[in-house]
Amino acid sequence: MERKKYVIIMAAGSGTRMGSELPKQFIELEGKPILQMTIETFVNACPDVTVITVLPEAHMSYWRSLCLNRNFTCPQILVKGGITRFHSVRNALAKVPDGAVVAVHDGVRPLVSLELIRNMFAEAEEVPALIPVVPCVDTMKVLEKKDDILVTVPGAHVDRSVLFGAQTPQIFHSEVIKDAYSLAYDTAFTDDASVVEKYGKNLSYVMGERFNIKITTQDDLLLARAILSLSSFS
Ligand code: C5P
C-alpha cells in the first residue's frame with residue numbers, strides 16, 4: 001500500500017544573511033511571499049500531501065494573517081521552530097506518523113520543479129532515504145584564516161569529481177527519520193541526510209536541479225527573479 005505523504009516546509013530561520021528586517025521566507029517574489037510559492041509548488045505537484053510549516057515563534061501570527069489576507073487557504077499544520085534547523089525538524093516530526101513518507105524542504109527553495117518532487121516521492125516508496133544532489137562545478141580550496149587573511153591548509157587537496165552539493169527536498173520513510181532524530185544534536189548536522197547517515201542508514205541519490213536554489217542572499221533574490229522571468233521556466 002502506498003505510504004501517506006507529508007512535507008515539512010522549513011521556514012523558522014531568521015535570515016540574517018539576507019540583511020533584511022523581514023526573514024527571507026516572507027519576502028515577495030513576483031508578488032507572492034517566497035514561502036507561499038514553495039508550499040504551492042508542493043501542493044501542485046502532489047495535491048494529496050499534508051503540509052507542515054515550521055515558523056519562527058515570533059512570526060506565527062504574522063504568517064496566519066498573511067495567509068488570511070492573501071486568501072491562501074492551503075491547509076497547513078503550523079509548528080514552532082527550534083534553536084537550530086535540527087531542532088526545528090525534530091519539532092515537526094512529532095506531527096508525522098510512522099508508515100508515512102516525509103519530505104523535508106527548505107521554505108526558501110521555491111523553484112524546485114514539479115517533476116523532481118513527483119519523481120522523488122515515487123522513488124521514495126522503495127528506498128528509506130532519497131537525496132537530490134548536484135555535481136560541484138567549481139574548483140574547491142581548503143583554506144583557513146590566519147590573522148584574518150585566508151591561507152591554504154597545507155596538504156589538503158579535494159578531488160572535485162567526488163564532490164556534490166546536497167539540496168532539498170530530502171525524502172524519508174517516516175519511521176527512519178524519526179528514529180534518526182532521537183540522536184543528540186551535532187553541529188555537523190547541516191541537513192537531514194547527515195542525521196540519517198549518522199544513524200547508520202544508507203542514502204540513495206537522484207540528480208537535483210541547478211535552478212533549485214536556496215534563496216539566502218540579495219544576489220539569490222536577483223537570480224530567482226531572473227529564473228522566473230525565463231519563458232522556458234514554468
Ligand atoms: O540556515 P539554513 O540556510 O541552513 O536554513 C535552511 C532552512 O532551514 C531555511 O528554510 C530556514 O528557514 C530553516 N531553519 C529553520 N529553523 C532554524 C534554522 C533554519 O527552520 N532554527
# chains A, B, ... in the order shown; residues from 1 in each chain; ligands from 1

call {"tool": "residues_near_ligand", "arguments": {"ligand": "ligand 1", "cutoff": "9 Å", "atoms": "only C-alpha atoms and all ligand atoms", "output": "ChimeraX atom specification"}}
result
/A:9-17,23-25,35,53-56,80-89,105-109,190-191,214-216

call {"tool": "write_last_selection", "arguments": {"atoms": "C-alpha atoms", "output": "PDB file, in the first residue's frame"}}
result
ATOM      1  CA  ILE A   9       8.479  23.122   4.987  1.00  0.00           C
ATOM      2  CA  MET A  10      11.381  24.626   6.940  1.00  0.00           C
ATOM      3  CA  ALA A  11      10.852  28.341   7.488  1.00  0.00           C
ATOM      4  CA  ALA A  12      11.924  29.018  11.065  1.00  0.00           C
ATOM      5  CA  GLY A  13      15.254  30.673  10.214  1.00  0.00           C
ATOM      6  CA  SER A  14      15.859  34.330  10.932  1.00  0.00           C
ATOM      7  CA  GLY A  15      17.514  35.011   7.553  1.00  0.00           C
ATOM      8  CA  THR A  16      20.391  37.134   8.848  1.00  0.00           C
ATOM      9  CA  ARG A  17      22.416  36.659   5.626  1.00  0.00           C
ATOM     10  CA  PRO A  23      13.024  36.900   7.360  1.00  0.00           C
ATOM     11  CA  LYS A  24      13.714  35.905   3.745  1.00  0.00           C
ATOM     12  CA  GLN A  25      10.915  33.311   3.562  1.00  0.00           C
ATOM     13  CA  LEU A  35       7.093  30.638   1.455  1.00  0.00           C
ATOM     14  CA  THR A  53       5.047  24.561   8.060  1.00  0.00           C
ATOM     15  CA  VAL A  54       7.738  25.326  10.634  1.00  0.00           C
ATOM     16  CA  LEU A  55       7.913  29.010  11.590  1.00  0.00           C
ATOM     17  CA  PRO A  56       9.769  31.290  13.975  1.00  0.00           C
ATOM     18  CA  LYS A  80       7.106  26.364  16.192  1.00  0.00           C
ATOM     19  CA  GLY A  81      10.774  26.279  15.134  1.00  0.00           C
ATOM     20  CA  GLY A  82      13.738  25.453  17.351  1.00  0.00           C
ATOM     21  CA  ILE A  83      17.100  26.978  18.097  1.00  0.00           C
ATOM     22  CA  THR A  84      18.736  25.276  15.060  1.00  0.00           C
ATOM     23  CA  ARG A  85      17.367  23.691  11.883  1.00  0.00           C
ATOM     24  CA  PHE A  86      17.846  20.264  13.556  1.00  0.00           C
ATOM     25  CA  HIS A  87      15.587  21.251  16.456  1.00  0.00           C
ATOM     26  CA  SER A  88      13.013  22.708  14.064  1.00  0.00           C
ATOM     27  CA  VAL A  89      12.832  19.438  12.087  1.00  0.00           C
ATOM     28  CA  HIS A 105      12.172  21.015   2.145  1.00  0.00           C
ATOM     29  CA  ASP A 106      13.659  24.469   2.691  1.00  0.00           C
ATOM     30  CA  GLY A 107      10.935  27.113   2.610  1.00  0.00           C
ATOM     31  CA  VAL A 108      13.322  29.290   0.599  1.00  0.00           C
ATOM     32  CA  ARG A 109      13.647  26.870  -2.334  1.00  0.00           C
ATOM     33  CA  THR A 190      23.563  20.681   8.386  1.00  0.00           C
ATOM     34  CA  ASP A 191      20.878  18.673   6.593  1.00  0.00           C
ATOM     35  CA  LYS A 214      18.255  28.191  -1.706  1.00  0.00           C
ATOM     36  CA  ILE A 215      17.422  31.895  -1.593  1.00  0.00           C
ATOM     37  CA  THR A 216      19.873  33.077   1.058  1.00  0.00           C
TER      38      THR A 216
END

call {"tool": "residues_around", "arguments": {"residues": "stretch 136-139 of chain A", "least_positions_apart": "2", "cutoff": "12 Å", "atoms": "only C-alpha atoms", "output": "list in words"}}
result
Val133, Val134, Lys141, Val142, His157, Val158, Asp159, Arg160, Ser161, Val162, Leu163, Phe164, Gly165, Ala166, Met207, Gly208 and Arg210 of chain A

call {"tool": "closest_residue", "arguments": {"among": "A:Ser194, A:Leu78, A:Val206, A:Ile34", "to": "A:Ser61", "atoms": "only C-alpha atoms"}}
result
A:Leu78

call {"tool": "atom_distance", "arguments": {"atom1": "atom CA of A:Gln218", "atom2": "atom CA of A:Phe72"}}
result
25.7 Å

call {"tool": "residues_around", "arguments": {"residues": "A:Met1", "least_positions_apart": "6", "cutoff": "12 Å", "atoms": "only C-alpha atoms", "output": "list in words"}}
result
Gly99, Ala100, Val101, Glu125 and Glu126 of chain A

call {"tool": "closest_residue", "arguments": {"among": "A:Pro132, A:Gly31, A:Gly200, A:Pro154", "to": "A:Asn119", "atoms": "only C-alpha atoms"}}
result
A:Pro132

call {"tool": "residues_around", "arguments": {"residues": "A:Lys5", "least_positions_apart": "2", "cutoff": "9 Å", "atoms": "only C-alpha atoms", "output": "number ranges by chain"}}
result
A: 2-3, 7, 46, 48-51, 100-103, 121

call {"tool": "write_last_selection", "arguments": {"atoms": "all heavy atoms", "output": "mmCIF file, in the first residue's frame"}}
result
data_model
loop_
_atom_site.group_PDB
_atom_site.id
_atom_site.type_symbol
_atom_site.label_atom_id
_atom_site.label_comp_id
_atom_site.auth_asym_id
_atom_site.auth_seq_id
_atom_site.Cartn_x
_atom_site.Cartn_y
_atom_site.Cartn_z
ATOM 1 N N GLU A 2 0.477 2.250 -0.788
ATOM 2 C CA GLU A 2 1.263 3.483 -0.874
ATOM 3 C C GLU A 2 1.274 4.221 0.477
ATOM 4 O O GLU A 2 0.259 4.271 1.176
ATOM 5 C CB GLU A 2 0.636 4.385 -1.931
ATOM 6 C CG GLU A 2 1.617 5.385 -2.506
ATOM 7 C CD GLU A 2 0.991 6.228 -3.603
ATOM 8 O OE1 GLU A 2 1.022 5.785 -4.776
ATOM 9 O OE2 GLU A 2 0.485 7.307 -3.276
ATOM 10 N N ARG A 3 2.429 4.742 0.826
ATOM 11 C CA ARG A 3 2.548 5.489 2.086
ATOM 12 C C ARG A 3 1.891 6.873 1.968
ATOM 13 O O ARG A 3 1.949 7.484 0.902
ATOM 14 C CB ARG A 3 4.033 5.673 2.432
ATOM 15 C CG ARG A 3 4.719 4.395 2.867
ATOM 16 C CD ARG A 3 6.218 4.588 2.911
ATOM 17 N NE ARG A 3 6.874 3.422 3.482
ATOM 18 C CZ ARG A 3 7.339 3.349 4.728
ATOM 19 N NH1 ARG A 3 7.253 4.398 5.520
ATOM 20 N NH2 ARG A 3 7.903 2.249 5.166
ATOM 21 N N VAL A 7 4.926 16.782 3.817
ATOM 22 C CA VAL A 7 6.096 17.630 3.563
ATOM 23 C C VAL A 7 6.253 18.583 4.737
ATOM 24 O O VAL A 7 5.290 19.200 5.193
ATOM 25 C CB VAL A 7 6.027 18.394 2.223
ATOM 26 C CG1 VAL A 7 4.838 19.345 2.127
ATOM 27 C CG2 VAL A 7 7.324 19.186 2.003
ATOM 28 N N CYS A 46 1.814 17.428 -5.721
ATOM 29 C CA CYS A 46 1.154 16.302 -5.024
ATOM 30 C C CYS A 46 -0.032 16.843 -4.222
ATOM 31 O O CYS A 46 0.127 17.179 -3.035
ATOM 32 C CB CYS A 46 2.121 15.635 -4.048
ATOM 33 S SG CYS A 46 3.498 14.873 -4.831
ATOM 34 N N ASP A 48 -2.293 15.516 -2.714
ATOM 35 C CA ASP A 48 -2.668 14.740 -1.519
ATOM 36 C C ASP A 48 -1.652 14.866 -0.374
ATOM 37 O O ASP A 48 -1.749 14.168 0.635
ATOM 38 C CB ASP A 48 -2.848 13.256 -1.892
ATOM 39 C CG ASP A 48 -1.590 12.653 -2.509
ATOM 40 O OD1 ASP A 48 -0.744 13.424 -3.038
ATOM 41 O OD2 ASP A 48 -1.450 11.422 -2.482
ATOM 42 N N VAL A 49 -0.681 15.779 -0.518
ATOM 43 C CA VAL A 49 0.358 15.883 0.519
ATOM 44 C C VAL A 49 -0.163 16.685 1.723
ATOM 45 O O VAL A 49 -0.913 17.643 1.559
ATOM 46 C CB VAL A 49 1.650 16.538 -0.076
ATOM 47 C CG1 VAL A 49 1.488 18.044 -0.298
ATOM 48 C CG2 VAL A 49 2.860 16.262 0.790
ATOM 49 N N THR A 50 0.208 16.262 2.930
ATOM 50 C CA THR A 50 -0.105 17.038 4.141
ATOM 51 C C THR A 50 1.069 17.983 4.409
ATOM 52 O O THR A 50 2.224 17.547 4.477
ATOM 53 C CB THR A 50 -0.297 16.099 5.355
ATOM 54 O OG1 THR A 50 -1.386 15.228 5.074
ATOM 55 C CG2 THR A 50 -0.588 16.878 6.638
ATOM 56 N N VAL A 51 0.753 19.277 4.543
ATOM 57 C CA VAL A 51 1.810 20.292 4.687
ATOM 58 C C VAL A 51 1.993 20.654 6.161
ATOM 59 O O VAL A 51 1.034 20.995 6.857
ATOM 60 C CB VAL A 51 1.445 21.573 3.891
ATOM 61 C CG1 VAL A 51 2.508 22.664 4.093
ATOM 62 C CG2 VAL A 51 1.256 21.258 2.412
ATOM 63 N N ALA A 100 4.601 6.569 7.037
ATOM 64 C CA ALA A 100 4.385 7.595 6.003
ATOM 65 C C ALA A 100 5.697 7.839 5.259
ATOM 66 O O ALA A 100 6.744 7.284 5.613
ATOM 67 C CB ALA A 100 3.907 8.888 6.653
ATOM 68 N N VAL A 101 5.613 8.671 4.218
ATOM 69 C CA VAL A 101 6.841 9.120 3.569
ATOM 70 C C VAL A 101 6.860 10.634 3.765
ATOM 71 O O VAL A 101 5.855 11.313 3.566
ATOM 72 C CB VAL A 101 6.891 8.651 2.091
ATOM 73 C CG1 VAL A 101 5.818 9.277 1.234
ATOM 74 C CG2 VAL A 101 8.231 8.879 1.472
ATOM 75 N N VAL A 102 8.021 11.152 4.229
ATOM 76 C CA VAL A 102 8.065 12.567 4.590
ATOM 77 C C VAL A 102 9.205 13.285 3.874
ATOM 78 O O VAL A 102 10.350 12.838 3.902
ATOM 79 C CB VAL A 102 8.128 12.762 6.136
ATOM 80 C CG1 VAL A 102 9.303 12.062 6.764
ATOM 81 C CG2 VAL A 102 8.141 14.234 6.513
ATOM 82 N N ALA A 103 8.837 14.369 3.181
ATOM 83 C CA ALA A 103 9.832 15.212 2.522
ATOM 84 C C ALA A 103 10.153 16.360 3.467
ATOM 85 O O ALA A 103 9.250 16.910 4.095
ATOM 86 C CB ALA A 103 9.265 15.768 1.219
ATOM 87 N N PHE A 121 9.003 11.458 -4.822
ATOM 88 C CA PHE A 121 8.007 10.792 -3.971
ATOM 89 C C PHE A 121 7.771 9.359 -4.469
ATOM 90 O O PHE A 121 7.632 8.431 -3.670
ATOM 91 C CB PHE A 121 6.684 11.567 -3.943
ATOM 92 C CG PHE A 121 6.540 12.504 -2.765
ATOM 93 C CD1 PHE A 121 6.292 13.853 -2.952
ATOM 94 C CD2 PHE A 121 6.653 12.036 -1.457
ATOM 95 C CE1 PHE A 121 6.162 14.725 -1.861
ATOM 96 C CE2 PHE A 121 6.520 12.894 -0.361
ATOM 97 C CZ PHE A 121 6.275 14.239 -0.573
#

call {"tool": "select_by_dssp", "arguments": {"residues": "stretch 80-213 of chain A", "states": "strand (DSSP E or B)", "output": "JSON, numbers by chain"}}
result
{"A": [80, 100, 101, 102, 103, 104, 105, 106, 129, 130, 131, 132, 133, 134, 135, 143, 144, 145, 146, 149, 150, 151, 152, 164, 165, 166, 170, 171, 172, 173, 204, 205, 206, 207]}

call {"tool": "residues_around", "arguments": {"residues": "A:Arg90", "least_positions_apart": "4", "cutoff": "8 Å", "atoms": "only C-alpha atoms", "output": "short mmCIF file (atom, residue, chain, number, x, y, z; two decimals) with C-alpha atoms, in the first residue's frame"}}
result
data_model
loop_
_atom_site.label_atom_id
_atom_site.label_comp_id
_atom_site.auth_asym_id
_atom_site.auth_seq_id
_atom_site.Cartn_x
_atom_site.Cartn_y
_atom_site.Cartn_z
CA PHE A 86 17.85 20.26 13.56
CA ALA A 94 6.34 14.92 16.19
CA LYS A 178 12.02 9.92 13.36
CA TYR A 181 16.29 12.41 15.09
#
